[in-house]
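*Asks:* For reference, the structure I am asking about is given below.
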Amino acid sequence: MDRPPALAFAILLLFAGMAVRAGVLSEKADGAKLRNEAFVEGSDGWRFLPSELRFADKLAAQDIGTMAQPAVDAISDFSAKLEQAGIALFVVPVPPKVLVHAPALGVDAGLAQSMRDGWNIIMTGLGNRGVRVIDLLPEYSAAKEPMFCLRDTHWSGAGIAAAVERLSPMLQEAGVSTRAFSDSATPWKHLSIHGDLGGDPETVKLRFPQTTSPQEIQSEVLLLGDSHVLVFHQGGELHTTGAGLPEQMSVVLGAMPEVMGVRGSGATSSRMQLARTIRSKPEYLRTKKIIVWVFAGREFTEADMWRKIPLSASGSH
């Protein structure tokens, strides 16, 4: 049955409006580039990374599955290689800040839902390929505290804690002994930081566990990834030491996981670093039971490349 002309026109306007709204975040990123600014200003002190906004716009596109396919292929290949070596891989993509704090950029409810739907498509695609993916978006969206720093590209102390809470039972199921996370053993402290997105300093709440020694390493667990595994752990430009993801994991593991983190993109370079280690130490993987791979979710489409990386000592697949 033909639609009445008025209804057809209304539908056309609806899709036109969606197209306009779906490009708003990329327009904001373009504006920042023209102003030579490394951030997009939001409300209430929030700042956002332009490349993350470009990814968020792509999440709302109908072909997001196709755009993310190179990433899904590379990740599933990595997972399968580790599975053959008897190692469980847990993939932890950190969702974009704008997906959790969309109102800070004036994102309307329709676009916000479209972006979440796109994110779910990627998560489902990974799961369908047998990848153990930990989707933090539901916990982050329901959280009462900010899961990200206001003026920094990384997750907050609360965001790290939420990730560890999700990881803990899965580590145990994969055969690594864990213990309960005690708030009394890891009190919250306040720290003033200058975020990498500029602007005024902000105060963040962090946990500085005192239950384990940094020299005690749980060698069965490797924490691989980008600067999300280094922030509040490495110090220097990453703010402080003793309060990052490795330290929070040490509370449930009873010792520090081994850490292999890279600055910048964690899509391919972190796996390349692992491959180089295997070539120099052919027995390296035999000491591992679990690898937790953490990277910024924007890498699904914004990474320079998603290569399949050989993990054998010879460098062959």
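Here, A, B, ... name the chains of the structure tokens in the order displayed, residue numbers run from 1 inside each chain, and ligands are numbered from 1 in the same displayed order.
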Find the spatial neighbours of Asp63 in chain A, counting only C-alpha atoms, within a cut-off of 12 Å - ignore same-chain residues fewer than 2 positions away - and output them as a ChimeraX atom specification.

*Replies:* /A:57-61,65-69,117-119,121-122,301

*Asks:* Residues of range 127-175 of chain A in alpha helix (DSSP H) according to DSSP, as a list in words?

*Replies:*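 Here are the alpha helix (DSSP H) residues of range 127-175 of chain A: Gly127, Asn128, Leu137, Pro138, Glu139, Tyr140, Ser141, Ala142, Gly157, Ala158, Gly159, Ile160, Ala161, Ala162, Ala163, Val164, Glu165, Arg166, Leu167, Ser168, Pro169, Met170, Leu171, Gln172 and Glu173 of chain A.
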
*Asks:* Residues of range 126-298 of chain A classed as strand (DSSP E) by DSSP on the backbone are to be reported as a tab-separated table (two decimals) with C-alpha atoms, in the first residue's frame.

*Replies:*
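Below is the file part10.tsv, written as the result:
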```
chain	number	residue	atom	x	y	z
A	132	ARG	CA	35.49	-13.17	25.67
A	133	VAL	CA	34.61	-9.49	25.58
A	188	TRP	CA	39.80	6.35	48.46
A	189	LYS	CA	42.10	9.37	48.30
A	190	HIS	CA	41.78	12.64	46.42
A	191	LEU	CA	44.39	13.82	43.95
A	192	SER	CA	44.60	16.96	41.82
A	193	ILE	CA	45.65	16.29	38.22
A	202	GLU	CA	40.56	18.57	38.46
A	203	THR	CA	40.34	16.49	41.58
A	204	VAL	CA	40.03	12.74	41.09
A	205	LYS	CA	39.26	9.98	43.59
A	206	LEU	CA	41.69	7.07	43.47
A	207	ARG	CA	42.46	3.91	45.40
A	217	ILE	CA	54.11	-10.49	40.37
A	218	GLN	CA	51.27	-12.83	39.45
A	219	SER	CA	53.06	-14.03	36.33
A	220	GLU	CA	50.11	-16.14	35.13
A	221	VAL	CA	48.19	-12.92	34.34
A	222	LEU	CA	49.37	-10.43	31.72
A	223	LEU	CA	47.73	-7.01	31.54
A	224	LEU	CA	48.15	-5.84	27.95
A	225	GLY	CA	46.97	-2.63	26.34
A	256	MET	CA	50.60	-7.49	40.69
A	257	PRO	CA	49.79	-8.75	37.21
A	258	GLU	CA	52.56	-8.45	34.68
A	259	VAL	CA	52.04	-5.21	32.73
A	260	MET	CA	52.75	-4.64	29.04
A	261	GLY	CA	51.35	-1.23	28.10
A	290	ILE	CA	45.22	-15.25	31.23
A	291	ILE	CA	45.77	-12.13	29.14
A	292	VAL	CA	43.57	-9.10	29.82
A	293	TRP	CA	43.68	-6.74	26.83
A	294	VAL	CA	42.46	-3.20	27.50
A	295	PHE	CA	42.19	-0.49	24.86
A	296	ALA	CA	40.14	2.61	24.07
```

*Asks:* Mind pulling up the distance from CA of Pro209 in chain A to CA of Val252 in chain A?

*Replies:*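 We find that CA of Val252 in chain A and CA of Pro209 in chain A lie 10.7 Å from each other.
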
*Asks:* Hey, can you check how far CA of Asp304 in chain A sits from CA of Ser51 in chain A?

*Replies:*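 The value is 11.8 Å.
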
*Asks:* Using only C-alpha atoms, which residues sit within 12 Å of Val94 in chain A once same-chain residues fewer than 6 positions away are excluded, as an NGL selection string?

*Replies:* :A and (52 or 100 or 119 or 123 or 133-140 or 147-148 or 153-156 or 159-160 or 162-163 or 225-229 or 266 or 293-300)

*Asks:* Might you pull out every residue within 12 Å of Asp200 in chain A, with only C-alpha atoms counted and same-chain residues fewer than 4 positions away left off, and present them as number ranges by chain?

*Replies:* A: 45-47, 150-152, 192-196

*Asks:* May I have the residues from that selection written out with N, CA and C atoms, as a compact mmCIF listing (two decimals), in the first residue's frame?

*Replies:*
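Output file result.txt follows:
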```txt
# COMPACT_ATOMS: atom_id res chain seq x y z
N GLY A 45 32.36 21.43 32.70
CA GLY A 45 33.78 21.11 32.82
C GLY A 45 34.24 19.90 32.03
N TRP A 46 33.33 19.21 31.32
CA TRP A 46 33.71 18.03 30.56
C TRP A 46 34.45 18.42 29.28
N ARG A 47 35.46 17.66 28.92
CA ARG A 47 36.13 17.80 27.63
C ARG A 47 36.24 16.43 26.98
N LEU A 150 37.18 14.29 33.99
CA LEU A 150 36.53 15.38 33.26
C LEU A 150 37.36 15.87 32.09
N ARG A 151 38.64 16.13 32.35
CA ARG A 151 39.49 16.76 31.34
C ARG A 151 40.72 15.90 31.02
N ASP A 152 40.49 14.61 31.02
CA ASP A 152 41.53 13.66 30.64
C ASP A 152 40.86 12.58 29.81
N SER A 192 44.80 15.94 42.84
CA SER A 192 44.60 16.96 41.82
C SER A 192 45.49 16.62 40.62
N ILE A 193 44.89 16.60 39.43
CA ILE A 193 45.65 16.29 38.22
C ILE A 193 45.41 17.35 37.15
N HIS A 194 46.37 17.47 36.24
CA HIS A 194 46.20 18.28 35.04
C HIS A 194 45.94 17.30 33.90
N GLY A 195 44.71 17.20 33.44
CA GLY A 195 44.35 16.23 32.42
C GLY A 195 45.00 16.51 31.08
N ASP A 196 45.08 15.47 30.24
CA ASP A 196 45.73 15.63 28.94
C ASP A 196 44.86 16.38 27.93
```

*Asks:* Which residue is closest to Asn128 in chain A? Choose from A:Val231, A:Ala174, A:Val72, A:Val98 and count only C-alpha atoms.

*Replies:*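 Smallest distance to Asn128 in chain A is found for A:Val72.
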
*Asks:* Which residue is closest to Arg276 in chain A? Choose from A:Ala109, A:Ala56, A:Leu89, A:Ile309 and count only C-alpha atoms.

*Replies:*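 Using only C-alpha atoms, Arg276 in chain A sits closest to A:Ile309.
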